[in-house]
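Visitor: Here you go, this is model25.cif (mmCIF, C-alpha atoms).
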data_my_file
#
loop_
_atom_site.group_PDB
_atom_site.id
_atom_site.type_symbol
_atom_site.label_atom_id
_atom_site.label_comp_id
_atom_site.auth_asym_id
_atom_site.auth_seq_id
_atom_site.Cartn_x
_atom_site.Cartn_y
_atom_site.Cartn_z
ATOM 1 C CA MET A 19 1.049 -0.066 23.168
ATOM 2 C CA GLY A 20 3.593 2.444 21.887
ATOM 3 C CA GLU A 21 4.666 5.776 23.321
ATOM 4 C CA GLY A 22 1.828 7.553 25.101
ATOM 5 C CA GLY A 23 -0.271 4.387 25.108
ATOM 6 C CA ALA A 24 -0.966 4.558 21.347
ATOM 7 C CA PRO A 25 -1.361 1.189 19.611
ATOM 8 C CA VAL A 26 1.611 0.098 17.498
ATOM 9 C CA PRO A 27 1.229 -1.124 13.911
ATOM 10 C CA LEU A 28 0.411 -4.814 13.421
ATOM 11 C CA GLY A 29 -0.270 -5.279 17.116
ATOM 12 C CA ASN A 30 -2.263 -8.421 16.303
ATOM 13 C CA ARG A 31 0.716 -9.933 14.463
ATOM 14 C CA PRO A 32 3.373 -10.240 17.212
ATOM 15 C CA VAL A 33 6.613 -12.172 16.700
ATOM 16 C CA PHE A 34 8.275 -11.280 20.009
ATOM 17 C CA ASP A 35 8.476 -8.749 22.835
ATOM 18 C CA THR A 36 11.714 -9.267 24.761
ATOM 19 C CA ALA A 37 14.472 -7.685 26.831
ATOM 20 C CA ASP A 38 16.919 -10.461 25.903
ATOM 21 C CA LEU A 39 19.490 -9.383 23.302
ATOM 22 C CA ASP A 40 20.285 -12.895 22.065
ATOM 23 C CA GLU A 41 16.608 -13.782 21.706
ATOM 24 C CA ALA A 42 15.919 -10.590 19.777
ATOM 25 C CA ARG A 43 18.868 -11.254 17.450
ATOM 26 C CA GLU A 44 17.756 -14.826 16.766
ATOM 27 C CA LEU A 45 14.104 -13.996 16.128
ATOM 28 C CA VAL A 46 14.832 -10.963 13.921
ATOM 29 C CA ALA A 47 17.242 -13.163 11.941
ATOM 30 C CA GLY A 48 14.381 -15.599 11.342
ATOM 31 C CA VAL A 49 12.373 -12.874 9.595
ATOM 32 C CA PHE A 50 15.274 -11.117 7.868
ATOM 33 C CA CYS A 51 18.798 -12.624 7.988
ATOM 34 C CA PRO A 52 21.657 -13.338 10.423
ATOM 35 C CA HIS A 53 23.273 -10.140 11.703
ATOM 36 C CA ARG A 54 25.374 -8.532 14.391
ATOM 37 C CA LEU A 55 23.302 -6.836 17.118
ATOM 38 C CA GLU A 56 24.750 -5.002 20.098
ATOM 39 C CA LEU A 57 23.712 -2.357 22.602
ATOM 40 C CA THR A 58 25.523 0.983 22.285
ATOM 41 C CA GLY A 59 25.635 4.336 24.050
ATOM 42 C CA GLY A 60 25.931 2.874 27.524
ATOM 43 C CA THR A 61 22.439 1.354 27.369
ATOM 44 C CA SER A 62 22.120 -1.698 29.558
ATOM 45 C CA ARG A 63 18.572 -2.839 28.790
ATOM 46 C CA LEU A 64 16.771 -3.782 25.613
ATOM 47 C CA ALA A 65 13.007 -3.442 25.083
ATOM 48 C CA ALA A 66 12.682 -5.035 21.656
ATOM 49 C CA ARG A 67 9.458 -5.743 19.801
ATOM 50 C CA LEU A 68 8.729 -7.176 16.360
ATOM 51 C CA ASN A 69 5.330 -7.474 14.668
ATOM 52 C CA SER A 70 5.281 -8.969 11.185
ATOM 53 C CA VAL A 71 2.919 -10.219 8.475
ATOM 54 C CA GLN A 72 3.400 -11.727 5.020
ATOM 55 C CA LEU A 73 0.787 -10.727 2.442
ATOM 56 C CA GLY A 74 1.430 -12.053 -1.038
ATOM 57 C CA THR A 75 5.015 -11.307 -2.011
ATOM 58 C CA VAL A 76 5.456 -8.468 0.510
ATOM 59 C CA ARG A 77 6.327 -8.746 4.197
ATOM 60 C CA VAL A 78 5.464 -5.741 6.363
ATOM 61 C CA ASN A 79 7.089 -5.347 9.786
ATOM 62 C CA TYR A 80 7.100 -3.100 12.838
ATOM 63 C CA LEU A 81 10.438 -3.228 14.676
ATOM 64 C CA ASP A 82 11.524 -1.315 17.769
ATOM 65 C CA TYR A 83 14.555 -2.070 19.938
ATOM 66 C CA GLY A 84 13.735 0.469 22.656
ATOM 67 C CA ALA A 85 17.448 1.220 23.066
ATOM 68 C CA ASP A 86 20.487 2.484 21.179
ATOM 69 C CA VAL A 87 21.692 -0.439 19.057
ATOM 70 C CA ARG A 88 24.097 -1.275 16.289
ATOM 71 C CA ILE A 89 22.768 -3.631 13.604
ATOM 72 C CA GLU A 90 25.197 -5.004 11.036
ATOM 73 C CA PRO A 91 23.782 -7.614 8.650
ATOM 74 C CA GLY A 92 26.451 -7.067 6.003
ATOM 75 C CA GLU A 93 25.018 -7.793 2.545
ATOM 76 C CA LEU A 94 21.297 -8.563 2.670
ATOM 77 C CA GLU A 95 21.758 -10.651 -0.507
ATOM 78 C CA SER A 96 18.225 -12.030 -0.962
ATOM 79 C CA PHE A 97 15.896 -9.090 -0.289
ATOM 80 C CA PHE A 98 15.323 -5.337 -0.479
ATOM 81 C CA LEU A 99 14.062 -3.249 2.450
ATOM 82 C CA VAL A 100 12.311 0.078 2.743
ATOM 83 C CA GLN A 101 12.852 1.212 6.355
ATOM 84 C CA ILE A 102 10.674 4.125 7.519
ATOM 85 C CA PRO A 103 11.321 5.551 11.005
ATOM 86 C CA LEU A 104 8.039 6.374 12.738
ATOM 87 C CA ALA A 105 9.949 8.640 15.160
ATOM 88 C CA GLY A 106 13.547 9.472 16.053
ATOM 89 C CA ARG A 107 16.513 8.866 13.785
ATOM 90 C CA SER A 108 19.010 6.245 12.713
ATOM 91 C CA LEU A 109 22.397 6.298 11.007
ATOM 92 C CA ILE A 110 22.450 4.077 7.923
ATOM 93 C CA ARG A 111 25.574 3.145 5.954
ATOM 94 C CA CYS A 112 25.248 1.006 2.836
ATOM 95 C CA GLY A 113 28.078 0.555 0.350
ATOM 96 C CA GLY A 114 29.564 4.017 -0.198
ATOM 97 C CA GLN A 115 26.404 5.854 0.915
ATOM 98 C CA GLU A 116 25.499 7.211 4.357
ATOM 99 C CA ILE A 117 22.359 8.980 5.599
ATOM 100 C CA VAL A 118 20.649 9.983 8.839
ATOM 101 C CA SER A 119 17.227 8.439 8.442
ATOM 102 C CA THR A 120 14.163 10.166 9.935
ATOM 103 C CA PRO A 121 10.396 9.963 9.329
ATOM 104 C CA GLY A 122 10.976 12.286 6.362
ATOM 105 C CA LEU A 123 13.864 10.269 4.911
ATOM 106 C CA ALA A 124 13.452 6.492 4.750
ATOM 107 C CA SER A 125 16.329 4.166 3.894
ATOM 108 C CA LEU A 126 16.451 1.715 0.988
ATOM 109 C CA PRO A 127 19.586 -0.436 1.337
ATOM 110 C CA SER A 128 20.497 -2.506 -1.704
ATOM 111 C CA PRO A 129 21.154 -6.212 -1.070
ATOM 112 C CA SER A 130 24.456 -6.312 -2.950
ATOM 113 C CA GLU A 131 25.978 -3.590 -0.706
ATOM 114 C CA HIS A 132 27.352 -3.911 2.861
ATOM 115 C CA LEU A 133 24.837 -2.579 5.407
ATOM 116 C CA ASP A 134 25.701 -1.214 8.868
ATOM 117 C CA MET A 135 23.160 0.704 11.015
ATOM 118 C CA ARG A 136 22.883 2.530 14.314
ATOM 119 C CA TRP A 137 19.332 2.961 15.548
ATOM 120 C CA ALA A 138 18.763 5.414 18.384
ATOM 121 C CA ALA A 139 16.364 4.598 21.198
ATOM 122 C CA GLY A 140 12.878 5.830 20.367
ATOM 123 C CA CYS A 141 13.234 5.021 16.654
ATOM 124 C CA PRO A 142 10.633 2.359 15.833
ATOM 125 C CA GLN A 143 10.494 1.578 12.123
ATOM 126 C CA LEU A 144 7.968 0.315 9.632
ATOM 127 C CA ILE A 145 9.904 -2.031 7.333
ATOM 128 C CA VAL A 146 8.619 -3.280 4.001
ATOM 129 C CA LYS A 147 10.499 -6.284 2.649
ATOM 130 C CA PHE A 148 10.571 -7.359 -1.016
ATOM 131 C CA ASP A 149 12.315 -10.548 -2.134
ATOM 132 C CA ARG A 150 15.167 -9.716 -4.483
ATOM 133 C CA PRO A 151 13.975 -11.968 -7.377
ATOM 134 C CA VAL A 152 10.570 -10.243 -7.318
ATOM 135 C CA VAL A 153 12.185 -6.799 -7.641
ATOM 136 C CA GLU A 154 14.617 -7.929 -10.338
ATOM 137 C CA ASP A 155 11.888 -9.687 -12.344
ATOM 138 C CA ALA A 156 9.757 -6.535 -12.231
ATOM 139 C CA MET A 157 12.693 -4.422 -13.409
ATOM 140 C CA GLU A 158 13.409 -6.819 -16.278
ATOM 141 C CA ARG A 159 9.776 -6.733 -17.401
ATOM 142 C CA MET A 160 9.768 -2.941 -17.334
ATOM 143 C CA LEU A 161 12.980 -2.766 -19.329
ATOM 144 C CA GLY A 162 12.108 -5.592 -21.694
ATOM 145 C CA GLU A 163 15.605 -7.017 -21.243
ATOM 146 C CA ARG A 164 17.772 -8.881 -18.740
ATOM 147 C CA LEU A 165 19.639 -7.028 -16.012
ATOM 148 C CA ASP A 166 23.393 -6.767 -16.544
ATOM 149 C CA ARG A 167 24.278 -5.744 -12.966
ATOM 150 C CA PRO A 168 22.631 -5.676 -9.530
ATOM 151 C CA ILE A 169 20.040 -2.985 -8.812
ATOM 152 C CA VAL A 170 21.459 -0.297 -6.533
ATOM 153 C CA PHE A 171 19.068 2.368 -5.259
ATOM 154 C CA ASP A 172 19.941 5.717 -3.744
ATOM 155 C CA LEU A 173 20.026 4.980 -0.033
ATOM 156 C CA GLY A 174 17.812 7.887 1.036
ATOM 157 C CA MET A 175 14.115 7.799 0.069
ATOM 158 C CA ASP A 176 12.528 11.255 0.356
ATOM 159 C CA MET A 177 9.151 10.614 2.002
ATOM 160 C CA THR A 178 8.008 14.191 1.301
ATOM 161 C CA ALA A 179 8.002 13.561 -2.471
ATOM 162 C CA GLY A 180 4.566 13.054 -3.975
ATOM 163 C CA TRP A 181 5.194 9.542 -5.257
ATOM 164 C CA ALA A 182 6.698 8.479 -1.909
ATOM 165 C CA ARG A 183 3.716 9.841 0.039
ATOM 166 C CA ALA A 184 1.430 7.789 -2.192
ATOM 167 C CA TRP A 185 3.710 4.778 -1.706
ATOM 168 C CA LYS A 186 3.564 5.161 2.084
ATOM 169 C CA ALA A 187 -0.231 5.391 1.900
ATOM 170 C CA MET A 188 -0.319 2.039 0.104
ATOM 171 C CA ALA A 189 1.947 0.496 2.742
ATOM 172 C CA ASP A 190 -0.292 1.901 5.489
ATOM 173 C CA LEU A 191 -3.335 0.414 3.754
ATOM 174 C CA ILE A 192 -1.724 -3.032 3.753
ATOM 175 C CA VAL A 193 -0.909 -2.622 7.463
ATOM 176 C CA ARG A 194 -4.492 -1.659 8.305
ATOM 177 C CA GLU A 195 -5.954 -4.519 6.294
ATOM 178 C CA ALA A 196 -3.571 -6.985 7.955
ATOM 179 C CA GLU A 197 -4.805 -5.738 11.319
ATOM 180 C CA TYR A 198 -8.436 -6.353 10.369
ATOM 181 C CA GLY A 199 -7.735 -9.668 8.669
ATOM 182 C CA ASP A 200 -11.130 -9.980 6.982
ATOM 183 C CA GLY A 201 -10.891 -7.208 4.378
ATOM 184 C CA LEU A 202 -8.360 -6.893 1.583
ATOM 185 C CA ALA A 203 -6.103 -9.365 3.383
ATOM 186 C CA ALA A 204 -8.627 -12.019 2.372
ATOM 187 C CA GLN A 205 -8.689 -10.829 -1.270
ATOM 188 C CA PRO A 206 -5.492 -12.009 -3.026
ATOM 189 C CA LEU A 207 -6.196 -10.058 -6.233
ATOM 190 C CA ALA A 208 -6.666 -6.770 -4.378
ATOM 191 C CA ILE A 209 -3.498 -7.314 -2.332
ATOM 192 C CA ALA A 210 -1.537 -8.223 -5.475
ATOM 193 C CA HIS A 211 -2.809 -5.029 -7.110
ATOM 194 C CA LEU A 212 -1.407 -2.975 -4.223
ATOM 195 C CA GLU A 213 1.893 -4.877 -4.217
ATOM 196 C CA ASN A 214 2.377 -4.365 -7.962
ATOM 197 C CA ALA A 215 1.572 -0.668 -7.633
ATOM 198 C CA MET A 216 4.070 -0.299 -4.772
ATOM 199 C CA LEU A 217 6.803 -2.105 -6.681
ATOM 200 C CA SER A 218 6.265 -0.207 -9.952
ATOM 201 C CA SER A 219 6.186 3.108 -8.097
ATOM 202 C CA LEU A 220 9.390 2.254 -6.243
ATOM 203 C CA LEU A 221 11.259 1.304 -9.426
ATOM 204 C CA THR A 222 10.165 4.405 -11.345
ATOM 205 C CA GLY A 223 10.246 6.901 -8.472
ATOM 206 C CA GLN A 224 13.357 6.067 -6.450
ATOM 207 C CA PRO A 225 16.674 6.910 -8.173
ATOM 208 C CA SER A 226 18.748 3.848 -9.052
ATOM 209 C CA ASN A 227 21.434 2.735 -11.461
ATOM 210 C CA TYR A 228 18.635 1.670 -13.871
ATOM 211 C CA LEU A 229 16.361 4.721 -13.711
ATOM 212 C CA GLU A 230 17.894 6.479 -16.733
ATOM 213 C CA ARG A 231 17.423 3.339 -18.820
ATOM 214 C CA LEU A 232 13.830 3.005 -17.616
ATOM 215 C CA ASN A 233 13.106 6.579 -18.701
ATOM 216 C CA ALA A 234 14.720 6.230 -22.142
ATOM 217 C CA PRO A 235 12.242 6.532 -25.072
ATOM 218 C CA ARG A 236 10.880 3.226 -26.409
ATOM 219 C CA PRO A 237 9.312 2.585 -29.834
ATOM 220 C CA PRO A 238 5.541 1.961 -29.570
ATOM 221 C CA ALA A 239 4.139 -1.535 -30.048
ATOM 222 C CA LEU A 240 2.457 -2.227 -33.384
ATOM 223 C CA PRO A 241 -1.359 -2.544 -33.624
ATOM 224 C CA LYS A 242 -1.139 -6.333 -34.031
ATOM 225 C CA VAL A 243 0.799 -6.603 -30.765
ATOM 226 C CA VAL A 244 -1.704 -4.301 -29.058
ATOM 227 C CA ARG A 245 -4.566 -6.576 -30.152
ATOM 228 C CA ARG A 246 -2.716 -9.605 -28.799
ATOM 229 C CA ALA A 247 -2.192 -7.782 -25.512
ATOM 230 C CA MET A 248 -5.910 -6.922 -25.344
ATOM 231 C CA ARG A 249 -6.805 -10.595 -25.820
ATOM 232 C CA TYR A 250 -4.307 -11.589 -23.146
ATOM 233 C CA ILE A 251 -5.824 -9.087 -20.711
ATOM 234 C CA ASP A 252 -9.350 -10.288 -21.540
ATOM 235 C CA ASP A 253 -8.351 -13.895 -20.830
ATOM 236 C CA HIS A 254 -6.364 -13.153 -17.647
ATOM 237 C CA ALA A 255 -8.248 -10.272 -16.029
ATOM 238 C CA HIS A 256 -8.833 -12.432 -12.944
ATOM 239 C CA LEU A 257 -5.065 -12.482 -12.261
ATOM 240 C CA PRO A 258 -2.912 -9.728 -10.646
ATOM 241 C CA LEU A 259 -1.593 -8.432 -13.976
ATOM 242 C CA THR A 260 0.883 -5.618 -14.464
ATOM 243 C CA THR A 261 1.808 -3.786 -17.657
ATOM 244 C CA ASP A 262 5.175 -5.501 -17.691
ATOM 245 C CA GLU A 263 3.661 -8.981 -17.315
ATOM 246 C CA VAL A 264 1.336 -8.319 -20.252
ATOM 247 C CA ALA A 265 4.248 -6.925 -22.265
ATOM 248 C CA SER A 266 6.325 -10.026 -21.508
ATOM 249 C CA ALA A 267 3.443 -12.254 -22.674
ATOM 250 C CA VAL A 268 3.414 -10.533 -26.088
ATOM 251 C CA ALA A 269 7.222 -10.197 -26.305
ATOM 252 C CA VAL A 270 7.655 -6.401 -26.125
ATOM 253 C CA SER A 271 8.914 -4.045 -23.429
ATOM 254 C CA GLY A 272 6.543 -2.433 -20.979
ATOM 255 C CA ARG A 273 7.342 1.036 -22.329
ATOM 256 C CA SER A 274 6.641 -0.055 -25.910
ATOM 257 C CA LEU A 275 3.296 -1.529 -24.903
ATOM 258 C CA GLN A 276 2.378 1.641 -23.016
ATOM 259 C CA GLU A 277 3.129 3.752 -26.083
ATOM 260 C CA GLY A 278 1.268 1.345 -28.373
ATOM 261 C CA PHE A 279 -1.879 1.469 -26.244
ATOM 262 C CA ARG A 280 -1.763 5.249 -25.979
ATOM 263 C CA ARG A 281 -1.240 5.706 -29.725
ATOM 264 C CA HIS A 282 -3.796 3.184 -30.956
ATOM 265 C CA LEU A 283 -6.406 3.100 -28.161
ATOM 266 C CA GLY A 284 -5.899 6.381 -26.328
ATOM 267 C CA LEU A 285 -5.467 4.672 -22.962
ATOM 268 C CA THR A 286 -2.962 2.608 -20.972
ATOM 269 C CA PRO A 287 -2.905 -1.195 -20.606
ATOM 270 C CA MET A 288 -3.918 -0.880 -16.956
ATOM 271 C CA THR A 289 -6.840 1.394 -17.846
ATOM 272 C CA TYR A 290 -7.980 -1.218 -20.348
ATOM 273 C CA LEU A 291 -7.622 -3.895 -17.639
ATOM 274 C CA ARG A 292 -9.638 -1.735 -15.251
ATOM 275 C CA ASP A 293 -12.411 -1.405 -17.848
ATOM 276 C CA VAL A 294 -12.456 -5.167 -18.424
ATOM 277 C CA ARG A 295 -12.720 -5.770 -14.698
ATOM 278 C CA LEU A 296 -15.514 -3.188 -14.385
ATOM 279 C CA GLY A 297 -17.391 -5.194 -16.975
ATOM 280 C CA ARG A 298 -16.852 -8.401 -15.000
ATOM 281 C CA VAL A 299 -18.095 -6.690 -11.831
ATOM 282 C CA HIS A 300 -21.181 -5.450 -13.697
ATOM 283 C CA ASP A 301 -21.973 -8.935 -15.008
ATOM 284 C CA GLU A 302 -21.520 -10.489 -11.570
ATOM 285 C CA LEU A 303 -23.715 -7.889 -9.856
ATOM 286 C CA ALA A 304 -26.411 -8.139 -12.509
ATOM 287 C CA ALA A 305 -26.593 -11.912 -12.000
ATOM 288 C CA GLY A 306 -26.093 -11.800 -8.225
ATOM 289 C CA ASP A 307 -28.538 -12.509 -5.413
ATOM 290 C CA PRO A 308 -28.748 -9.412 -3.137
ATOM 291 C CA ALA A 309 -29.330 -11.711 -0.166
ATOM 292 C CA ARG A 310 -25.928 -13.387 -0.585
ATOM 293 C CA CYS A 311 -23.854 -11.070 -2.797
ATOM 294 C CA THR A 312 -22.355 -7.736 -1.696
ATOM 295 C CA VAL A 313 -20.914 -4.939 -3.798
ATOM 296 C CA THR A 314 -17.846 -4.701 -1.540
ATOM 297 C CA LYS A 315 -16.879 -8.357 -1.957
ATOM 298 C CA VAL A 316 -17.432 -8.412 -5.722
ATOM 299 C CA ALA A 317 -15.446 -5.202 -6.199
ATOM 300 C CA ALA A 318 -12.560 -6.429 -4.032
ATOM 301 C CA HIS A 319 -12.536 -9.777 -5.847
ATOM 302 C CA TRP A 320 -11.954 -7.924 -9.129
ATOM 303 C CA GLY A 321 -9.182 -5.709 -7.749
ATOM 304 C CA PHE A 322 -11.049 -2.571 -6.642
ATOM 305 C CA PRO A 323 -9.993 -2.000 -2.998
ATOM 306 C CA HIS A 324 -11.143 1.658 -2.800
ATOM 307 C CA GLN A 325 -14.931 1.628 -2.661
ATOM 308 C CA GLY A 326 -15.472 5.344 -3.250
ATOM 309 C CA ARG A 327 -13.271 5.423 -6.347
ATOM 310 C CA PHE A 328 -14.818 2.195 -7.628
ATOM 311 C CA ALA A 329 -18.369 3.514 -7.209
ATOM 312 C CA ALA A 330 -17.496 6.695 -9.136
ATOM 313 C CA LEU A 331 -15.936 4.709 -12.000
ATOM 314 C CA TYR A 332 -18.910 2.351 -12.113
ATOM 315 C CA ARG A 333 -21.492 5.140 -12.190
ATOM 316 C CA ALA A 334 -19.570 7.024 -14.904
ATOM 317 C CA ARG A 335 -19.615 3.920 -17.099
ATOM 318 C CA TYR A 336 -23.048 2.447 -16.397
ATOM 319 C CA GLY A 337 -25.079 5.474 -15.290
ATOM 320 C CA ARG A 338 -26.185 3.817 -12.068
ATOM 321 C CA THR A 339 -24.679 2.748 -8.769
ATOM 322 C CA PRO A 340 -23.338 -0.779 -8.232
ATOM 323 C CA SER A 341 -26.036 -1.420 -5.615
ATOM 324 C CA GLN A 342 -28.751 -0.481 -8.102
ATOM 325 C CA THR A 343 -27.370 -3.064 -10.521
ATOM 326 C CA LEU A 344 -27.303 -5.700 -7.771
ATOM 327 C CA ARG A 345 -30.923 -4.962 -6.855
ATOM 328 C CA GLY A 346 -31.935 -5.074 -10.505
ATOM 329 C CA GLY A 347 -32.867 -1.384 -10.565
#
Mind converting the file's structure to structure tokens?

Guide:
Amino acid sequence: MGEGGAPVPLGNRPVFDTADLDEARELVAGVFCPHRLELTGGTSRLAARLNSVQLGTVRVNYLDYGADVRIEPGELESFFLVQIPLAGRSLIRCGGQEIVSTPGLASLPSPSEHLDMRWAAGCPQLIVKFDRPVVEDAMERMLGERLDRPIVFDLGMDMTAGWARAWKAMADLIVREAEYGDGLAAQPLAIAHLENAMLSSLLTGQPSNYLERLNAPRPPALPKVVRRAMRYIDDHAHLPLTTDEVASAVAVSGRSLQEGFRRHLGLTPMTYLRDVRLGRVHDELAAGDPARCTVTKVAAHWGFPHQGRFAALYRARYGRTPSQTLRGG
């Protein structure tokens, strides 16, 4: 339980609960990396707790030290973190940047920069971890070219911005599903859909040394390339595709493919993918046995984690509810 007896995130995914400083340092290092950890502010007792779960390429963590601490990992090197205080505040220094992080201002340290932190007691944090190659590969696909320097984000992530609120909602959804264990956590395609959305939103929403290049105009893909992309999506709709992965498969940039789809089809590649998947859901429901098949499982299998939104899309396209199709109505 957290403050006031409220349950803490990922309570069913414990890694440790300890008052031993050395044990906490060693076990946190096993999830993240080796680091310096020391009590500060005259505190004599630690009350550390770590809950953690890996879903797909994303690791989500709840970490609370229960005391004033200094944490100095240096360069993270192999991963990016989004650290969101659930209460309290922490001082974060990374490279030449410094912020006071609060629930309204998360921190996003870049792995190529030296990181040094002071967390105050009463500052538990939700930490989302992305492996560095995953982030860099996504950036390269979006740009349509290789990176020429490490990605460096602005350290402060404004959680009151619209895109960041939506991003936090996706992270909270992953946490909730990990706590249940039998929902989206058991549907790799749905989880991958959320992970890709989180990563794309982070790269396009959070200022970085590549954001200007990402926003630069791109020439649209030609109709022939668009047709090839449509065939690729048709053949791979069962996989956790992103616009940039499709663009890479047909040898154009993600921005060019977006413009090509909008100009020649009047929609985006991901809208086309959604329509293909709706068709697959329809076929599966129409052929399904109501005694063994459920709308929820079929929808989740094809990457529709939000049942209300899925049902509205389905009815708009087919003029009936998914359950009516399953029952043969």

Visitor: Run the PyMOL selection byres ((chain A and resi 329) around 12) on the file and write out the hits as a PyMOL selection string.

Guide: chain A and resi 296+299-300+313-314+317-318+322-328+330-343

Visitor: Grab the residues selected above and save them as a PDB file, keeping the file's coordinate frame with C-alpha atoms.

Guide:
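So result.pdb came out as:
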ATOM      1  CA  LEU A 296     -15.514  -3.188 -14.385  1.00  0.00           C
ATOM      2  CA  VAL A 299     -18.095  -6.690 -11.831  1.00  0.00           C
ATOM      3  CA  HIS A 300     -21.181  -5.450 -13.697  1.00  0.00           C
ATOM      4  CA  VAL A 313     -20.914  -4.939  -3.798  1.00  0.00           C
ATOM      5  CA  THR A 314     -17.846  -4.701  -1.540  1.00  0.00           C
ATOM      6  CA  ALA A 317     -15.446  -5.202  -6.199  1.00  0.00           C
ATOM      7  CA  ALA A 318     -12.560  -6.429  -4.032  1.00  0.00           C
ATOM      8  CA  PHE A 322     -11.049  -2.571  -6.642  1.00  0.00           C
ATOM      9  CA  PRO A 323      -9.993  -2.000  -2.998  1.00  0.00           C
ATOM     10  CA  HIS A 324     -11.143   1.658  -2.800  1.00  0.00           C
ATOM     11  CA  GLN A 325     -14.931   1.628  -2.661  1.00  0.00           C
ATOM     12  CA  GLY A 326     -15.472   5.344  -3.250  1.00  0.00           C
ATOM     13  CA  ARG A 327     -13.271   5.423  -6.347  1.00  0.00           C
ATOM     14  CA  PHE A 328     -14.818   2.195  -7.628  1.00  0.00           C
ATOM     15  CA  ALA A 330     -17.496   6.695  -9.136  1.00  0.00           C
ATOM     16  CA  LEU A 331     -15.936   4.709 -12.000  1.00  0.00           C
ATOM     17  CA  TYR A 332     -18.910   2.351 -12.113  1.00  0.00           C
ATOM     18  CA  ARG A 333     -21.492   5.140 -12.190  1.00  0.00           C
ATOM     19  CA  ALA A 334     -19.570   7.024 -14.904  1.00  0.00           C
ATOM     20  CA  ARG A 335     -19.615   3.920 -17.099  1.00  0.00           C
ATOM     21  CA  TYR A 336     -23.048   2.447 -16.397  1.00  0.00           C
ATOM     22  CA  GLY A 337     -25.079   5.474 -15.290  1.00  0.00           C
ATOM     23  CA  ARG A 338     -26.185   3.817 -12.068  1.00  0.00           C
ATOM     24  CA  THR A 339     -24.679   2.748  -8.769  1.00  0.00           C
ATOM     25  CA  PRO A 340     -23.338  -0.779  -8.232  1.00  0.00           C
ATOM     26  CA  SER A 341     -26.036  -1.420  -5.615  1.00  0.00           C
ATOM     27  CA  GLN A 342     -28.751  -0.481  -8.102  1.00  0.00           C
ATOM     28  CA  THR A 343     -27.370  -3.064 -10.521  1.00  0.00           C
TER      29      THR A 343
END

Visitor: Write out as a Markdown table a residue-level contact list of stretch 116-145 of chain A versus stretch 41-53 of chain A with cut-off 12 Å: for each qualifying residue the closest pair of atoms and the distance in Å to one decimal, counting only C-alpha atoms, rows sorted by chain and residue number upward.

Guide:
| residue | atom | partner | partner_atom | distance |
| --- | --- | --- | --- | --- |
| A:Pro129 | CA | A:Cys51 | CA | 11.3 |
| A:His132 | CA | A:His53 | CA | 11.6 |
| A:Leu133 | CA | A:His53 | CA | 10.0 |
| A:Asp134 | CA | A:His53 | CA | 9.7 |
| A:Met135 | CA | A:His53 | CA | 10.9 |
| A:Ile145 | CA | A:Phe50 | CA | 10.6 |

Visitor: For the file shown, what are the residues hit by the PyMOL selection byres ((chain A and resi 245-255) around 7), laid out as a PyMOL selection string?

Guide: chain A and resi 241-244+256-257+264+268+291+294-295

Visitor: Do you know which residues are at most 6 Å from stretch 69-83 of chain A counting all atoms listed in the file, after dropping those on the same chain fewer than 5 positions away, and could you put them as a ChimeraX atom specification?

Guide: /A:28,31-33,142-148

Visitor: Taking into account all atoms listed in the file, which residue in the set A:Glu197, A:Asp155, A:Asp172, A:Asp301 is nearest to A:Gly114?

Guide: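 Smallest separation from A:Gly114 among the options: A:Asp172.
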